[in-house]
Amino acid sequence: MLVSLNWLKNYVDIGTITPDQLAEKITKSGIEVEGIEYVAETSKSVVVGYVKECEKHPNADKLNLCQVDVGDEVLQIICGAPNISQGQKVAVAKPGAVLPGNFKIKKVKLRGIESNGMICSLQELGIQEKYVPKDIADGIFVFPDNATVGEDVTSLLNLDDAVLELGLTPNRSDCLSYLGVAYEVAAILDKPIQLPKEKVTASDEDAHDFISVNVANQKLNPYYGAFVIKNVQVKPSPLWMRNYLIAAGIRPINNVVDITNYVLLEYGQPLHAFDYDRLQSKEIVVRCAEANETIVTLDDQERKLSHEHLVITNGQEPVAIAGVMGGANTEVNEHTTTILLEAAYFNPSTVRKAVKDTGLRSESSTRFEKGVDPNRVNRAGVRACQLFEQYANGTVLSNAVVFDELDRTEKEVTINTLEINKRLGTMITTEEIGQILTKLRFQYEQIDDEFKVKIPTRRGDITIFEDMLEEVARIYGYDNLPYTLPNGASQAGALTERQQLKRQVKNYMQGAGLMETITYSLTRQDYVTKLISPEINNRNPVPVPLAMPMSEDHKYLRLSLLPELLHTVAYNRARNQTNIAYYELGSIFISTENKLTKQPDEQLRLSGVLSGQWIEHEWQQEKKAVDFFVVKGIIEGIFKFLEIPITFEQTKLTDMHPGRCATVLIDNQAVGFIGQIHPKLEKKLDLNETYVFDINLETVLEVFKNVPNYNQIPKHPSTTRDIAFVLNKTTLAGDVKKVIEETGAPLVKDIQIFDVYLGEHLPEDKKSIAYRLLYQDAERTLTDDEVEESYQSIITAVNEKFNAYVRS
Amino acid sequence: MKEQLEAIQTEALERIAETNEMKELQAIRVTYLGKKGSLTGVLRGMGKLSKEERPVIGEIANRVRESITDAIDRKNETLAQQALEKQLEKEAIDVTLPGRPVQLGGPHLLTTIVEEIEDLFIGMGFEVREGPEVETDYYNFEALNLPKDHPARDMQDSFYITNELLLRTHTSPVQARTMREYEGSKPVKMICPGKVYRRDTDDATHSHQFTQIEGLYVDKDVRMSDLKGILDVFAKKMFGYDREIRLRPSFFPFTEPSVEMDISCKVCNGEGCSVCKGTGWIEILGAGMVHPKVLEMAGYDANVYTGFAFGMGPDRIAMLKYGVDDIRQFYTNDRRFLTQYHNA
Ligand SMILES: [Zn+2]
């Protein structure tokens, strides 16, 4: 809502307060002033001039040579505007004048003839193009005849008016009108308020002889007032009205349109003027539209209607969509002489529905959608009639035709001093509360420290005690509330075990050298089915799409964090950032329903992507690219940190490198996977060799035991034995390790692999893997014989199982 | 004999002084002090001396031996020191060469902000609660006093999946769920951080996915001044003890009265600058006293319990605190952006 201070001053005396100070006060008491603008940048030395003579420039067809009286002198000015003519009063920038944009006016010669100044258009005076009336969009501005020659144009054209831009919250639609803002400002500044006195001259003719009103659905349209105004002359509206409309951000059109807009802004009540003669009937019928009924609206668009839309009809066909837009066939034009003026109350939800379906949102519909003041509907109609009488030569017929089932009762809310103070933590006196109510102009009955407050209908947002609490608090001033801390029993705040563990997992990942990332939960169709962890895939998840996505990129709830993470790797690679080590903690959304009936299962995943160099320290010949074992080490590390035993199982997954991928298992249950992205997918996504991991963190959080078991520090010495087996190339190191573990138990406490060899000293199909076994017992020192016996049994077992032999 | 001894001493000390080799020093030791050494040789002839001469010569001989031994030891030490120095000099490196890089990981900036806020409220006795990102219409809107045709639903256009399920537009549903869980029988003191989603076109200041932290305090006799006090503590800890807060009336369907909290602009100290759009204040969060309908719907008797709630955007706070000028930076994960905040 744009509030012209000059317009506002008609209703409330704001005194000498500056626009900035007023804005600050309004903001602090409840309505945010989002900006202060002036109608135009300042001009200097621009005055009203009288065009005494106007003839063609002898050397230029399109220019006119004018003699302009500016009061103290007559200036010869050359003007190119098509609408200039002798006898006009115009805005003259004298030599030495400065126009907006620091445009300095000097004496110049145009085609050999001297020009001493400039005759200005509204644009040149700094008014925004979109507010300049269309008929003078390409020409100069012409003042009414009564303008005083020589007078500065600044105040005549309201150019120095400050305009406050109010950011209204949905509850404060009362301030969608100047009267509403006046009440607000009057309360804040504690000033009296001056309301317009609506009054029309009595006429011999009765509107009932011209029109009848029939409302079919009084719930959707509890009030319809039809005023008839005859003998209307359509012409420009008075300058002051045009000035105010421009300041309020509305382009003046003609007096009929301008008056309805003016009253709309003044009272917050939308009005609609029909051309009575073009209505071609003597009745107004308000009803719901029929299925497939159509109307051509003012913007010349044909609109398809349904029975959910309320329409105004002439008894035959729709002439307006109620509260939204009039029809083209009854539009007022320059030939109009009789007006049917509608002042109505339409149910907010029906207007909201129509706006939603037609996409037509206007100043009118916005107000109906929020609900207008029931006590202002008729008054606004009368106010407009008054203006038609004054500024359109109209004759207002007596007795407007009214359908009225509108509830205008004022609600009552009871407040008392004790409760107010108890809720606010203040010590406001009963007397102060009374003063606040008076400032707000709320009527009340007071018994001791209790107030029965009658809520004016303009404040439809106030219905309960808490609403009044806010009114009292905001006028009292939030700045005046004390700072206190709650009296309630104190309790210890703490993270839950799960939350602590999540932080520990993050710390581990960061300590391991990975950056935390956050990617989007909404992903693309071609991403959503990719790189889903096997244990999730086994549940046959169905990708969940949004009902109305905003873009193809963010359409589905993700089933894996990896596709969007890979997307960030590609994004970085395109910017020459090729060494990537990222992790993310985030939810995936698992549903097996084709049409969602319940919330999907949200599962927290720990996922990561690594690509490029892991170690890059070249001058010491140390350089290592990310590979499978870098990623595996990170995953082994986190589970070691959490003291949860895991195993890896070679696996083949779609979109993963068939030879470099493993499932991660806890207790033989898959909880995720690690590996290299399939080179084909790498190529498609523009990636270098890239490795990923993806772990179900929910399971991990469940399995984790917060208090680690205490392990006795061994008191007795340990011994180690090394064995290198020659194995078939296809034999897995982990399988061999398992056999060693089983056979060596309980003496073998730890098994490390310290060498892997393939090459010229072995047959093609063989490899050698060397294991270091740690022998130890908690109770005693082991003898050589015991160790040797175990060692031999391990060799035998591995030989039998894998057809292996010991490498010498 | 005395002269003989003194001659040995002079000669030995000279040789010791001259030598620069450990080996030679060893040879000198053998030459003079060894079993077949010259000093030993002289001493062997002591037997031929008279009773009177013996102690005198003996003393001289001892002095000579000591002085040679001492000189050798000192020389030995000097040479060892020199050898070490030489060795260390050989070991010298160019310290200006780069060190072996340590792979630095780090938290996302939003995590840093969220954890900072969590810790701050935990310190004031709040618990941290989490909830689902796909919510029911009931918990996201209706339980928060936003019935189906409420005009304020326009304010937060949402990503619906079905008519009843949507991506949550705020973390307030977690509050509603927690109150429901406590069955109207005990105080609630919680914050709920998390991801939220709204139908906004991504640009420098909007993101269809962002982060939110909401807080709720419900107990008997909670006052609006308590809200002001808690927010002041929060603002000062988060933004600096020289910051002032200001509450302005606002509107949210789930609170009444509602407020918006501003902090004084750090850039201009309240004078007005481009960061605060000339107002001297920067909007940080929305808050208010919990609407009685919200309490009632969650099973709390609004005549007995009152409370306050607040909600803020870590994205915006991070942008203010660290001068980030584009919210999309948080979600595109440009490595050059992320690594700026290793130690934020
Ligand atoms: Zn500032």
# chains A, B, ... in the order shown; residues from 1 in each chain; ligands from 1
>>> interface_residues(of="chain B", to="chain A", cutoff="6 Å", atoms="only C-alpha atoms", output="number ranges by chain")
B: 100, 103-108, 122, 125-127, 160-161, 223-226, 228-229, 247-251, 256-257, 331, 334
>>> residues_near_ligand(ligand="ligand 1", cutoff="9 Å", atoms="only C-alpha atoms and all ligand atoms", output="PDB file with N, CA, C and O atoms, in the first residue's frame")
ATOM      1  N   SER B 264      20.607  -4.103  15.900  1.00  0.00           N
ATOM      2  CA  SER B 264      21.230  -2.886  15.370  1.00  0.00           C
ATOM      3  C   SER B 264      22.336  -3.302  14.399  1.00  0.00           C
ATOM      4  O   SER B 264      23.021  -4.302  14.597  1.00  0.00           O
ATOM      5  N   CYS B 265      22.461  -2.540  13.338  1.00  0.00           N
ATOM      6  CA  CYS B 265      23.390  -2.873  12.255  1.00  0.00           C
ATOM      7  C   CYS B 265      24.822  -2.723  12.740  1.00  0.00           C
ATOM      8  O   CYS B 265      25.206  -1.698  13.292  1.00  0.00           O
ATOM      9  N   LYS B 266      25.585  -3.779  12.499  1.00  0.00           N
ATOM     10  CA  LYS B 266      26.974  -3.787  12.961  1.00  0.00           C
ATOM     11  C   LYS B 266      27.851  -2.913  12.069  1.00  0.00           C
ATOM     12  O   LYS B 266      28.819  -2.310  12.520  1.00  0.00           O
ATOM     13  N   VAL B 267      27.458  -2.860  10.785  1.00  0.00           N
ATOM     14  CA  VAL B 267      28.275  -2.130   9.816  1.00  0.00           C
ATOM     15  C   VAL B 267      28.301  -0.637  10.146  1.00  0.00           C
ATOM     16  O   VAL B 267      29.345   0.003  10.143  1.00  0.00           O
ATOM     17  N   CYS B 268      27.120  -0.083  10.458  1.00  0.00           N
ATOM     18  CA  CYS B 268      27.048   1.371  10.634  1.00  0.00           C
ATOM     19  C   CYS B 268      26.725   1.740  12.076  1.00  0.00           C
ATOM     20  O   CYS B 268      26.561   2.917  12.390  1.00  0.00           O
ATOM     21  N   ASN B 269      26.622   0.753  12.946  1.00  0.00           N
ATOM     22  CA  ASN B 269      26.277   1.016  14.347  1.00  0.00           C
ATOM     23  C   ASN B 269      24.959   1.763  14.501  1.00  0.00           C
ATOM     24  O   ASN B 269      24.821   2.620  15.378  1.00  0.00           O
ATOM     25  N   GLY B 270      24.003   1.431  13.621  1.00  0.00           N
ATOM     26  CA  GLY B 270      22.684   2.035  13.765  1.00  0.00           C
ATOM     27  C   GLY B 270      22.516   3.361  13.056  1.00  0.00           C
ATOM     28  O   GLY B 270      21.436   3.946  13.081  1.00  0.00           O
ATOM     29  N   GLU B 271      23.585   3.818  12.397  1.00  0.00           N
ATOM     30  CA  GLU B 271      23.497   5.123  11.724  1.00  0.00           C
ATOM     31  C   GLU B 271      22.698   5.034  10.417  1.00  0.00           C
ATOM     32  O   GLU B 271      22.139   6.021   9.969  1.00  0.00           O
ATOM     33  N   GLY B 272      22.685   3.831   9.849  1.00  0.00           N
ATOM     34  CA  GLY B 272      22.036   3.676   8.543  1.00  0.00           C
ATOM     35  C   GLY B 272      23.081   3.520   7.455  1.00  0.00           C
ATOM     36  O   GLY B 272      23.951   4.369   7.299  1.00  0.00           O
ATOM     37  N   CYS B 273      23.011   2.410   6.723  1.00  0.00           N
ATOM     38  CA  CYS B 273      23.951   2.188   5.624  1.00  0.00           C
ATOM     39  C   CYS B 273      23.276   1.275   4.610  1.00  0.00           C
ATOM     40  O   CYS B 273      22.103   0.956   4.744  1.00  0.00           O
ATOM     41  N   SER B 274      24.029   0.864   3.593  1.00  0.00           N
ATOM     42  CA  SER B 274      23.391   0.066   2.543  1.00  0.00           C
ATOM     43  C   SER B 274      23.012  -1.332   3.029  1.00  0.00           C
ATOM     44  O   SER B 274      22.037  -1.912   2.582  1.00  0.00           O
ATOM     45  N   VAL B 275      23.787  -1.869   3.965  1.00  0.00           N
ATOM     46  CA  VAL B 275      23.493  -3.210   4.479  1.00  0.00           C
ATOM     47  C   VAL B 275      22.122  -3.229   5.171  1.00  0.00           C
ATOM     48  O   VAL B 275      21.325  -4.146   4.998  1.00  0.00           O
ATOM     49  N   CYS B 276      21.834  -2.191   5.951  1.00  0.00           N
ATOM     50  CA  CYS B 276      20.562  -2.149   6.692  1.00  0.00           C
ATOM     51  C   CYS B 276      19.538  -1.298   5.948  1.00  0.00           C
ATOM     52  O   CYS B 276      18.528  -0.912   6.511  1.00  0.00           O
ATOM     53  N   LYS B 277      19.801  -1.002   4.684  1.00  0.00           N
ATOM     54  CA  LYS B 277      18.920  -0.178   3.857  1.00  0.00           C
ATOM     55  C   LYS B 277      18.587   1.142   4.543  1.00  0.00           C
ATOM     56  O   LYS B 277      17.447   1.616   4.529  1.00  0.00           O
ATOM     57  N   GLY B 278      19.583   1.677   5.215  1.00  0.00           N
ATOM     58  CA  GLY B 278      19.419   3.001   5.796  1.00  0.00           C
ATOM     59  C   GLY B 278      18.647   3.065   7.101  1.00  0.00           C
ATOM     60  O   GLY B 278      18.483   4.121   7.689  1.00  0.00           O
ATOM     61  N   THR B 279      18.158   1.910   7.576  1.00  0.00           N
ATOM     62  CA  THR B 279      17.310   1.951   8.772  1.00  0.00           C
ATOM     63  C   THR B 279      18.103   1.815  10.062  1.00  0.00           C
ATOM     64  O   THR B 279      17.605   2.117  11.132  1.00  0.00           O
ATOM     65  N   GLY B 280      19.340   1.310   9.967  1.00  0.00           N
ATOM     66  CA  GLY B 280      20.113   1.075  11.190  1.00  0.00           C
ATOM     67  C   GLY B 280      19.770  -0.250  11.850  1.00  0.00           C
ATOM     68  O   GLY B 280      20.389  -0.625  12.842  1.00  0.00           O
ATOM     69  N   TRP B 281      18.802  -0.958  11.289  1.00  0.00           N
ATOM     70  CA  TRP B 281      18.359  -2.224  11.889  1.00  0.00           C
ATOM     71  C   TRP B 281      18.352  -3.336  10.857  1.00  0.00           C
ATOM     72  O   TRP B 281      18.089  -3.094   9.689  1.00  0.00           O
ATOM     73  N   ILE B 282      18.617  -4.545  11.307  1.00  0.00           N
ATOM     74  CA  ILE B 282      18.583  -5.696  10.424  1.00  0.00           C
ATOM     75  C   ILE B 282      17.633  -6.739  10.998  1.00  0.00           C
ATOM     76  O   ILE B 282      17.739  -7.116  12.163  1.00  0.00           O
TER      77      ILE B 282
END
>>> atom_distance(atom1="CA of Gln504 in chain A", atom2="CA of Pro173 in chain B")
27.0 Å
>>> closest_residue(among="A:Asp655, A:Glu689, A:Glu124, A:Glu363", to="Val98 in chain A", atoms="only C-alpha atoms")
A:Glu124
>>> residues_around(residues="range 313-319 of chain B", least_positions_apart="5", cutoff="10 Å", atoms="only C-alpha atoms", output="JSON, numbers by chain")
{"B": [109, 110, 111, 112, 113, 114, 117, 170, 193, 194, 196, 205, 206, 207, 210, 211, 212, 213, 214, 238, 239, 283, 284, 285, 286, 324, 325, 326, 327, 328, 329, 330]}
>>> residues_around(residues="range 441-448 of chain A", least_positions_apart="4", cutoff="10 Å", atoms="only C-alpha atoms", output="short mmCIF file (atom, residue, chain, number, x, y, z; two decimals) with C-alpha atoms, in the first residue's frame")
data_model
loop_
_atom_site.label_atom_id
_atom_site.label_comp_id
_atom_site.auth_asym_id
_atom_site.auth_seq_id
_atom_site.Cartn_x
_atom_site.Cartn_y
_atom_site.Cartn_z
CA TYR A 183 -6.82 5.64 12.30
CA GLU A 184 -3.45 3.95 12.73
CA ALA A 186 -3.90 9.00 14.72
CA ALA A 187 -3.46 6.31 17.38
CA PRO A 192 -7.71 13.64 16.21
CA ILE A 193 -9.09 12.14 13.02
CA GLU A 412 -16.77 -7.52 22.11
CA VAL A 413 -13.52 -8.53 23.79
CA THR A 414 -12.98 -8.22 27.53
CA ILE A 415 -9.60 -7.37 28.94
CA ASN A 416 -8.37 -6.50 32.39
CA THR A 417 -5.29 -4.83 33.73
CA THR A 430 -5.65 0.77 34.23
CA GLY A 434 -7.97 3.33 28.93
CA GLN A 435 -5.83 5.89 27.16
CA ILE A 436 -4.55 3.32 24.69
CA LEU A 437 -8.13 2.28 23.83
CA LYS A 452 -15.44 -4.51 27.67
CA VAL A 453 -14.04 -3.38 24.33
CA LYS A 454 -16.27 -2.97 21.29
CA ILE A 455 -14.14 -3.83 18.30
CA PRO A 456 -14.88 -1.60 15.29
CA ARG A 459 -10.63 -4.18 12.58
#
>>> residues_around(residues="range 325-330 of chain A", least_positions_apart="5", cutoff="8 Å", atoms="only C-alpha atoms", output="list in words")
His272, Phe274, Asp275, Tyr276, Arg278, Leu279, Ile295, Val296, Thr297, Leu298, Asp299, Asp300, Pro318, Val319, Ala320 and Leu360 of chain A
>>> write_last_selection(atoms="N, CA and C atoms", output="mmCIF file, in the first residue's frame")
data_model
loop_
_atom_site.group_PDB
_atom_site.id
_atom_site.type_symbol
_atom_site.label_atom_id
_atom_site.label_comp_id
_atom_site.auth_asym_id
_atom_site.auth_seq_id
_atom_site.Cartn_x
_atom_site.Cartn_y
_atom_site.Cartn_z
ATOM 1 N N HIS A 272 -17.760 -0.641 -8.491
ATOM 2 C CA HIS A 272 -17.697 -0.864 -9.935
ATOM 3 C C HIS A 272 -18.761 -0.024 -10.627
ATOM 4 N N PHE A 274 -20.946 0.523 -13.916
ATOM 5 C CA PHE A 274 -21.420 -0.015 -15.198
ATOM 6 C C PHE A 274 -21.998 1.138 -16.005
ATOM 7 N N ASP A 275 -21.898 1.031 -17.322
ATOM 8 C CA ASP A 275 -22.650 1.952 -18.180
ATOM 9 C C ASP A 275 -24.094 1.454 -18.184
ATOM 10 N N TYR A 276 -24.967 2.241 -17.560
ATOM 11 C CA TYR A 276 -26.354 1.782 -17.365
ATOM 12 C C TYR A 276 -27.023 1.439 -18.681
ATOM 13 N N ARG A 278 -25.699 0.507 -21.464
ATOM 14 C CA ARG A 278 -25.155 -0.689 -22.104
ATOM 15 C C ARG A 278 -25.545 -1.965 -21.356
ATOM 16 N N LEU A 279 -26.083 -1.790 -20.148
ATOM 17 C CA LEU A 279 -26.536 -2.949 -19.369
ATOM 18 C C LEU A 279 -27.736 -3.602 -20.064
ATOM 19 N N ILE A 295 -17.575 -14.980 -20.035
ATOM 20 C CA ILE A 295 -17.696 -13.525 -20.020
ATOM 21 C C ILE A 295 -16.430 -12.951 -20.645
ATOM 22 N N VAL A 296 -16.619 -11.880 -21.410
ATOM 23 C CA VAL A 296 -15.449 -11.161 -21.915
ATOM 24 C C VAL A 296 -15.190 -10.019 -20.943
ATOM 25 N N THR A 297 -14.062 -10.093 -20.265
ATOM 26 C CA THR A 297 -13.770 -9.095 -19.234
ATOM 27 C C THR A 297 -13.172 -7.833 -19.842
ATOM 28 N N LEU A 298 -13.029 -6.799 -18.988
ATOM 29 C CA LEU A 298 -12.525 -5.489 -19.426
ATOM 30 C C LEU A 298 -11.252 -5.550 -20.247
ATOM 31 N N ASP A 299 -10.446 -6.566 -19.977
ATOM 32 C CA ASP A 299 -9.180 -6.687 -20.710
ATOM 33 C C ASP A 299 -9.364 -7.437 -22.028
ATOM 34 N N ASP A 300 -10.647 -7.564 -22.463
ATOM 35 C CA ASP A 300 -10.984 -8.217 -23.734
ATOM 36 C C ASP A 300 -10.607 -9.693 -23.805
ATOM 37 N N PRO A 318 -23.740 -12.684 -17.757
ATOM 38 C CA PRO A 318 -22.825 -12.051 -16.801
ATOM 39 C C PRO A 318 -22.315 -10.717 -17.338
ATOM 40 N N VAL A 319 -22.261 -9.729 -16.433
ATOM 41 C CA VAL A 319 -21.681 -8.436 -16.799
ATOM 42 C C VAL A 319 -20.459 -8.139 -15.931
ATOM 43 N N ALA A 320 -20.208 -9.016 -14.948
ATOM 44 C CA ALA A 320 -18.997 -8.864 -14.127
ATOM 45 C C ALA A 320 -18.761 -10.159 -13.353
ATOM 46 N N LEU A 360 -6.691 -13.140 -12.233
ATOM 47 C CA LEU A 360 -6.900 -11.686 -12.228
ATOM 48 C C LEU A 360 -6.835 -11.157 -10.806
#
>>> residues_around(residues="Glu266 in chain A", least_positions_apart="6", cutoff="7 Å", atoms="only C-alpha atoms", output="short mmCIF file (atom, residue, chain, number, x, y, z; two decimals) with all heavy atoms, in the first residue's frame")
data_model
loop_
_atom_site.label_atom_id
_atom_site.label_comp_id
_atom_site.auth_asym_id
_atom_site.auth_seq_id
_atom_site.Cartn_x
_atom_site.Cartn_y
_atom_site.Cartn_z
N SER A 177 -6.55 1.13 3.19
CA SER A 177 -7.32 2.33 2.88
C SER A 177 -6.71 3.51 3.61
O SER A 177 -6.05 3.33 4.64
CB SER A 177 -8.77 2.15 3.34
OG SER A 177 -8.83 2.12 4.76
N TYR A 178 -6.93 4.70 3.05
CA TYR A 178 -6.40 5.90 3.70
C TYR A 178 -7.06 6.12 5.05
O TYR A 178 -6.42 6.57 5.99
CB TYR A 178 -6.54 7.12 2.79
CG TYR A 178 -5.37 7.21 1.84
CD1 TYR A 178 -5.30 6.37 0.73
CD2 TYR A 178 -4.32 8.08 2.10
CE1 TYR A 178 -4.21 6.41 -0.12
CE2 TYR A 178 -3.22 8.13 1.25
CZ TYR A 178 -3.16 7.30 0.15
OH TYR A 178 -2.07 7.33 -0.67
N LEU A 179 -8.36 5.80 5.15
CA LEU A 179 -9.02 5.99 6.43
C LEU A 179 -8.42 5.05 7.47
O LEU A 179 -8.17 5.43 8.61
CB LEU A 179 -10.54 5.74 6.31
CG LEU A 179 -11.29 6.74 5.44
CD1 LEU A 179 -12.80 6.47 5.52
CD2 LEU A 179 -11.00 8.17 5.87
#
>>> atom_distance(atom1="CA of His678 in chain A", atom2="CA of Thr654 in chain A")
8.0 Å
>>> select_by_dssp(residues="range 272-339 of chain B", states="strand (DSSP E)", output="compact mmCIF listing (two decimals) with all heavy atoms, in the first residue's frame")
# COMPACT_ATOMS: atom_id res chain seq x y z
N TRP B 281 18.80 -0.96 11.29
CA TRP B 281 18.36 -2.22 11.89
C TRP B 281 18.35 -3.34 10.86
O TRP B 281 18.09 -3.09 9.69
CB TRP B 281 16.95 -2.07 12.46
CG TRP B 281 16.87 -1.10 13.59
CD1 TRP B 281 16.51 0.22 13.51
CD2 TRP B 281 17.18 -1.35 14.96
NE1 TRP B 281 16.58 0.80 14.75
CE2 TRP B 281 16.97 -0.14 15.67
CE3 TRP B 281 17.60 -2.48 15.68
CZ2 TRP B 281 17.18 -0.02 17.04
CZ3 TRP B 281 17.80 -2.35 17.05
CH2 TRP B 281 17.60 -1.14 17.72
N ILE B 282 18.62 -4.55 11.31
CA ILE B 282 18.58 -5.70 10.42
C ILE B 282 17.63 -6.74 11.00
O ILE B 282 17.74 -7.12 12.16
CB ILE B 282 19.99 -6.28 10.25
CG1 ILE B 282 20.83 -5.29 9.43
CG2 ILE B 282 19.95 -7.63 9.56
CD1 ILE B 282 22.24 -5.70 9.25
N GLU B 283 16.70 -7.17 10.14
CA GLU B 283 15.70 -8.14 10.58
C GLU B 283 16.35 -9.51 10.74
O GLU B 283 17.02 -9.99 9.85
CB GLU B 283 14.63 -8.19 9.50
CG GLU B 283 13.34 -8.80 9.94
CD GLU B 283 12.31 -8.72 8.82
OE1 GLU B 283 12.11 -7.62 8.27
OE2 GLU B 283 11.75 -9.77 8.50
N ILE B 284 16.14 -10.11 11.91
CA ILE B 284 16.78 -11.40 12.20
C ILE B 284 15.78 -12.53 12.33
O ILE B 284 15.98 -13.62 11.83
CB ILE B 284 17.61 -11.31 13.50
CG1 ILE B 284 18.77 -10.37 13.30
CG2 ILE B 284 18.11 -12.68 13.93
CD1 ILE B 284 19.79 -10.82 12.27
N LEU B 285 14.70 -12.30 13.05
CA LEU B 285 13.78 -13.42 13.26
C LEU B 285 12.37 -12.96 13.56
O LEU B 285 12.14 -11.79 13.88
CB LEU B 285 14.31 -14.34 14.36
CG LEU B 285 14.58 -13.78 15.75
CD1 LEU B 285 13.31 -13.62 16.56
CD2 LEU B 285 15.52 -14.72 16.50
N GLY B 286 11.45 -13.91 13.44
CA GLY B 286 10.07 -13.69 13.81
C GLY B 286 9.77 -14.47 15.08
O GLY B 286 10.36 -15.52 15.31
N ALA B 287 8.85 -13.95 15.87
CA ALA B 287 8.55 -14.61 17.14
C ALA B 287 7.17 -14.18 17.61
O ALA B 287 6.48 -13.44 16.92
CB ALA B 287 9.61 -14.25 18.18
N GLY B 288 6.80 -14.65 18.77
CA GLY B 288 5.53 -14.22 19.34
C GLY B 288 5.07 -15.14 20.45
O GLY B 288 5.74 -16.13 20.77
N MET B 289 3.95 -14.76 21.05
CA MET B 289 3.36 -15.58 22.10
C MET B 289 2.48 -16.63 21.43
O MET B 289 1.67 -16.29 20.55
CB MET B 289 2.53 -14.71 23.06
CG MET B 289 3.32 -13.57 23.68
SD MET B 289 4.83 -14.09 24.54
CE MET B 289 4.14 -14.93 25.96
N VAL B 290 2.63 -17.88 21.80
CA VAL B 290 1.92 -18.97 21.13
C VAL B 290 0.41 -18.71 21.14
O VAL B 290 -0.16 -18.38 22.18
CB VAL B 290 2.23 -20.32 21.80
CG1 VAL B 290 1.53 -21.45 21.07
CG2 VAL B 290 3.73 -20.55 21.85
N TYR B 305 -1.52 -22.58 30.54
CA TYR B 305 -0.21 -22.49 29.91
C TYR B 305 -0.14 -21.31 28.93
O TYR B 305 -1.10 -21.04 28.22
CB TYR B 305 0.10 -23.78 29.13
CG TYR B 305 0.50 -24.93 30.02
CD1 TYR B 305 -0.44 -25.85 30.48
CD2 TYR B 305 1.83 -25.09 30.40
CE1 TYR B 305 -0.06 -26.91 31.29
CE2 TYR B 305 2.22 -26.15 31.20
CZ TYR B 305 1.26 -27.06 31.65
OH TYR B 305 1.64 -28.10 32.45
N THR B 306 0.98 -20.65 28.94
CA THR B 306 1.27 -19.68 27.88
C THR B 306 2.66 -20.01 27.36
O THR B 306 3.36 -20.84 27.95
CB THR B 306 1.23 -18.23 28.39
OG1 THR B 306 2.07 -18.12 29.54
CG2 THR B 306 -0.17 -17.79 28.73
N GLY B 307 3.07 -19.36 26.33
CA GLY B 307 4.39 -19.67 25.82
C GLY B 307 4.81 -18.74 24.72
O GLY B 307 4.01 -17.91 24.27
N PHE B 308 6.06 -18.89 24.33
CA PHE B 308 6.51 -18.11 23.18
C PHE B 308 7.21 -19.02 22.19
O PHE B 308 7.65 -20.11 22.53
CB PHE B 308 7.39 -16.93 23.58
CG PHE B 308 8.67 -17.28 24.31
CD1 PHE B 308 9.76 -17.84 23.64
CD2 PHE B 308 8.78 -17.02 25.68
CE1 PHE B 308 10.92 -18.13 24.32
CE2 PHE B 308 9.95 -17.32 26.37
CZ PHE B 308 11.03 -17.88 25.70
N ALA B 309 7.24 -18.56 20.96
CA ALA B 309 7.90 -19.31 19.89
C ALA B 309 8.69 -18.32 19.05
O ALA B 309 8.36 -17.14 19.03
CB ALA B 309 6.85 -20.02 19.03
N PHE B 310 9.73 -18.82 18.44
CA PHE B 310 10.50 -17.96 17.55
C PHE B 310 11.06 -18.79 16.42
O PHE B 310 11.16 -20.02 16.54
CB PHE B 310 11.64 -17.25 18.31
CG PHE B 310 12.55 -18.19 19.05
CD1 PHE B 310 13.63 -18.79 18.42
CD2 PHE B 310 12.31 -18.48 20.39
CE1 PHE B 310 14.46 -19.66 19.10
CE2 PHE B 310 13.14 -19.36 21.09
CZ PHE B 310 14.20 -19.95 20.44
N GLY B 311 11.37 -18.15 15.32
CA GLY B 311 11.91 -18.88 14.17
C GLY B 311 12.89 -18.01 13.42
O GLY B 311 12.67 -16.82 13.24
N MET B 312 13.98 -18.65 13.00
CA MET B 312 14.98 -17.86 12.28
C MET B 312 15.62 -18.70 11.18
O MET B 312 15.51 -19.91 11.16
CB MET B 312 16.05 -17.38 13.25
CG MET B 312 16.83 -18.51 13.90
SD MET B 312 17.90 -17.87 15.18
CE MET B 312 17.08 -18.47 16.65
>>> closest_residue(among="B:Ala12, B:Glu89, B:Ala7, B:Gly99", to="Ile60 in chain B", atoms="only C-alpha atoms")
B:Ala7
